[in-house]
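Everything below concerns the one structure shown next.
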Amino acid sequence: MTAGEIDRSTARRRSEESKMSGQAAQASASPTRSQSAGREAVMQLDKIDFRLLDLVQRDNRLCSEQLGGKVGLSASGVQRRLKRLRSTGVIEADVSIISPKAIGRNVTAVVLISLERARADTVDRLKRQISKMPEVMSAFYVTGLADLVLLVTVNDMEDYERFARRLTEESSDIKRIETMVVMDRFKAGFTLPIASIAWC
């Protein structure tokens with residue numbers, strides 16, 4: 001190999017190393033998809049996204065053509081946006097809200113749980129336990145006098161007693177349970193107040 005060929009080979013190798021080093025630096029500086037998905041989902045929402053979100057959270061039975069007519073997009077454009085909103089976690093789930101009484105769930109209760117020791121491992125263990133209980137519609141880890149707040153539906157008070165007994169038997173960390181039976185549900189849903197953002 002001549003001196004000229006050696007010089008060219010060395011220069012080429014250094015150029016490749018520099019390129020690889022730059023790519024590595026860029027990769028280390030940029031967050032991964034899993035790390036940045038939530039931020040990207042918020043940062044990339046535009047007016048049309050907000051309008052679609054407002055419409056589908058109020059009525060998820062609207063077809064792509066109907067949604068497109070309301071926001072000024074084609075049906076395929078609506079489908080692409082909804083797919084992106086679902087994949088980034090902006091839309092968490094597509095569900096139907098069912099009347100509890102229609103399926104025999106005649107008693108709804110708000111349950112406040114206070115723990116003996118609100119340590120992280122205790123709370124995490126109880127969260128996992130409660131998440132598996134079908135009677136619990138929603139559960140919140142909160143500040144204040146209680147540690148956890150549950151929204152529970154059961155068939156009757158005997159059913160609730162069995163639920164409460166099972167809850168306390170499976171967790172020795174519960175100090176106190178306070179139950180408030182719902183007398184009348186006059187509002188229910190998961191709609192977020194985004195209309196003022198979407199349609200202004």
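Residue numbering restarts at 1 in every chain; chains get A, B, ... in the order shown in the structure tokens, and ligands count up from 1 in that same order.
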Next item on the list: Would you list, as an MDAnalysis selection string, the residues of range 11-178 of chain A that end up in helix (DSSP H, G or I) under DSSP run on this structure's backbone?
Entry: chainID A and resid 11:29 33:43 47:58 64:71 75:87 100:103 120:131 157:170
Check: Which polymer residues have any atom within 12 Å of an atom of Asp121 in chain A, counting only C-alpha atoms, with same-chain residues fewer than 6 positions away left out, as a ChimeraX atom specification?
Finding: /A:127-128,173
Next item on the list: Would you list the contacts of Asp54 in chain A as a ChimeraX atom specification, taking every protein, DNA or RNA residue within 10 Å and counting only C-alpha atoms, but skipping same-chain residues closer than 3 positions in sequence?
Entry: /A:48-51,57-59,191-199
So that I have them on file, write out the residues from the current selection with N, CA and C atoms, as a PDB file, in the first residue's frame.
```
ATOM      1  N   ILE A  48     -57.070  21.159  15.702  1.00  0.00           N
ATOM      2  CA  ILE A  48     -57.888  20.066  15.166  1.00  0.00           C
ATOM      3  C   ILE A  48     -57.850  18.862  16.101  1.00  0.00           C
ATOM      4  N   ASP A  49     -56.674  18.562  16.667  1.00  0.00           N
ATOM      5  CA  ASP A  49     -56.579  17.467  17.643  1.00  0.00           C
ATOM      6  C   ASP A  49     -57.520  17.712  18.817  1.00  0.00           C
ATOM      7  N   PHE A  50     -57.488  18.932  19.350  1.00  0.00           N
ATOM      8  CA  PHE A  50     -58.352  19.259  20.481  1.00  0.00           C
ATOM      9  C   PHE A  50     -59.830  19.117  20.105  1.00  0.00           C
ATOM     10  N   ARG A  51     -60.167  19.498  18.898  1.00  0.00           N
ATOM     11  CA  ARG A  51     -61.564  19.399  18.467  1.00  0.00           C
ATOM     12  C   ARG A  51     -61.991  17.938  18.333  1.00  0.00           C
ATOM     13  N   GLN A  57     -64.798  12.333  22.975  1.00  0.00           N
ATOM     14  CA  GLN A  57     -65.052  12.068  24.389  1.00  0.00           C
ATOM     15  C   GLN A  57     -66.530  12.264  24.739  1.00  0.00           C
ATOM     16  N   ARG A  58     -67.250  13.022  23.891  1.00  0.00           N
ATOM     17  CA  ARG A  58     -68.681  13.227  24.125  1.00  0.00           C
ATOM     18  C   ARG A  58     -69.524  12.163  23.420  1.00  0.00           C
ATOM     19  N   ASP A  59     -69.074  11.717  22.257  1.00  0.00           N
ATOM     20  CA  ASP A  59     -69.818  10.702  21.516  1.00  0.00           C
ATOM     21  C   ASP A  59     -68.830   9.912  20.664  1.00  0.00           C
ATOM     22  N   THR A 191     -65.647  13.149  30.596  1.00  0.00           N
ATOM     23  CA  THR A 191     -65.307  14.240  29.674  1.00  0.00           C
ATOM     24  C   THR A 191     -64.455  15.293  30.372  1.00  0.00           C
ATOM     25  N   LEU A 192     -63.407  15.708  29.701  1.00  0.00           N
ATOM     26  CA  LEU A 192     -62.522  16.760  30.220  1.00  0.00           C
ATOM     27  C   LEU A 192     -62.940  18.108  29.632  1.00  0.00           C
ATOM     28  N   PRO A 193     -62.764  19.181  30.379  1.00  0.00           N
ATOM     29  CA  PRO A 193     -63.204  20.515  29.917  1.00  0.00           C
ATOM     30  C   PRO A 193     -62.220  21.125  28.919  1.00  0.00           C
ATOM     31  N   ILE A 194     -62.275  20.620  27.684  1.00  0.00           N
ATOM     32  CA  ILE A 194     -61.355  21.144  26.666  1.00  0.00           C
ATOM     33  C   ILE A 194     -62.063  21.901  25.554  1.00  0.00           C
ATOM     34  N   ALA A 195     -63.371  22.067  25.666  1.00  0.00           N
ATOM     35  CA  ALA A 195     -64.119  22.766  24.620  1.00  0.00           C
ATOM     36  C   ALA A 195     -63.622  24.194  24.425  1.00  0.00           C
ATOM     37  N   SER A 196     -63.254  24.866  25.528  1.00  0.00           N
ATOM     38  CA  SER A 196     -62.797  26.251  25.437  1.00  0.00           C
ATOM     39  C   SER A 196     -61.477  26.346  24.673  1.00  0.00           C
ATOM     40  N   ILE A 197     -60.675  25.268  24.700  1.00  0.00           N
ATOM     41  CA  ILE A 197     -59.415  25.249  23.941  1.00  0.00           C
ATOM     42  C   ILE A 197     -59.681  24.900  22.498  1.00  0.00           C
ATOM     43  N   ALA A 198     -60.583  23.931  22.298  1.00  0.00           N
ATOM     44  CA  ALA A 198     -60.804  23.379  20.962  1.00  0.00           C
ATOM     45  C   ALA A 198     -61.536  24.316  20.016  1.00  0.00           C
ATOM     46  N   TRP A 199     -62.501  25.052  20.526  1.00  0.00           N
ATOM     47  CA  TRP A 199     -63.411  25.770  19.642  1.00  0.00           C
ATOM     48  C   TRP A 199     -63.300  27.299  19.761  1.00  0.00           C
TER      49      TRP A 199
END
```
Next item on the list: Would you mind listing what lies within 9 Å of Asp147 in chain A as a PyMOL selection string, with only C-alpha atoms counted and same-chain residues fewer than 4 positions away left out?
Entry: chain A and resi 112-115+118+123+140-143
Dump N, CA and C atoms for the selected residues as a compact mmCIF listing (two decimals), in the first residue's frame?
```txt
# COMPACT_ATOMS: atom_id res chain seq x y z
N LEU A 112 -63.38 5.76 51.84
CA LEU A 112 -62.14 6.40 52.25
C LEU A 112 -61.33 5.41 53.08
N ILE A 113 -60.07 5.22 52.70
CA ILE A 113 -59.21 4.27 53.39
C ILE A 113 -58.03 5.00 54.01
N SER A 114 -57.83 4.80 55.31
CA SER A 114 -56.66 5.34 56.01
C SER A 114 -55.73 4.18 56.36
N LEU A 115 -54.44 4.37 56.18
CA LEU A 115 -53.46 3.32 56.41
C LEU A 115 -52.74 3.52 57.73
N ALA A 118 -48.28 4.80 55.76
CA ALA A 118 -48.40 5.13 54.34
C ALA A 118 -47.02 5.11 53.67
N VAL A 123 -48.33 1.28 50.14
CA VAL A 123 -49.29 1.87 49.20
C VAL A 123 -49.28 1.12 47.88
N PHE A 140 -58.18 6.28 43.84
CA PHE A 140 -57.28 7.43 43.87
C PHE A 140 -56.41 7.38 45.12
N TYR A 141 -55.14 7.68 44.94
CA TYR A 141 -54.21 7.87 46.05
C TYR A 141 -54.18 9.37 46.30
N VAL A 142 -54.57 9.81 47.51
CA VAL A 142 -54.84 11.23 47.74
C VAL A 142 -54.09 11.77 48.95
N THR A 143 -54.09 13.09 49.05
CA THR A 143 -53.60 13.77 50.25
C THR A 143 -54.79 14.03 51.18
```
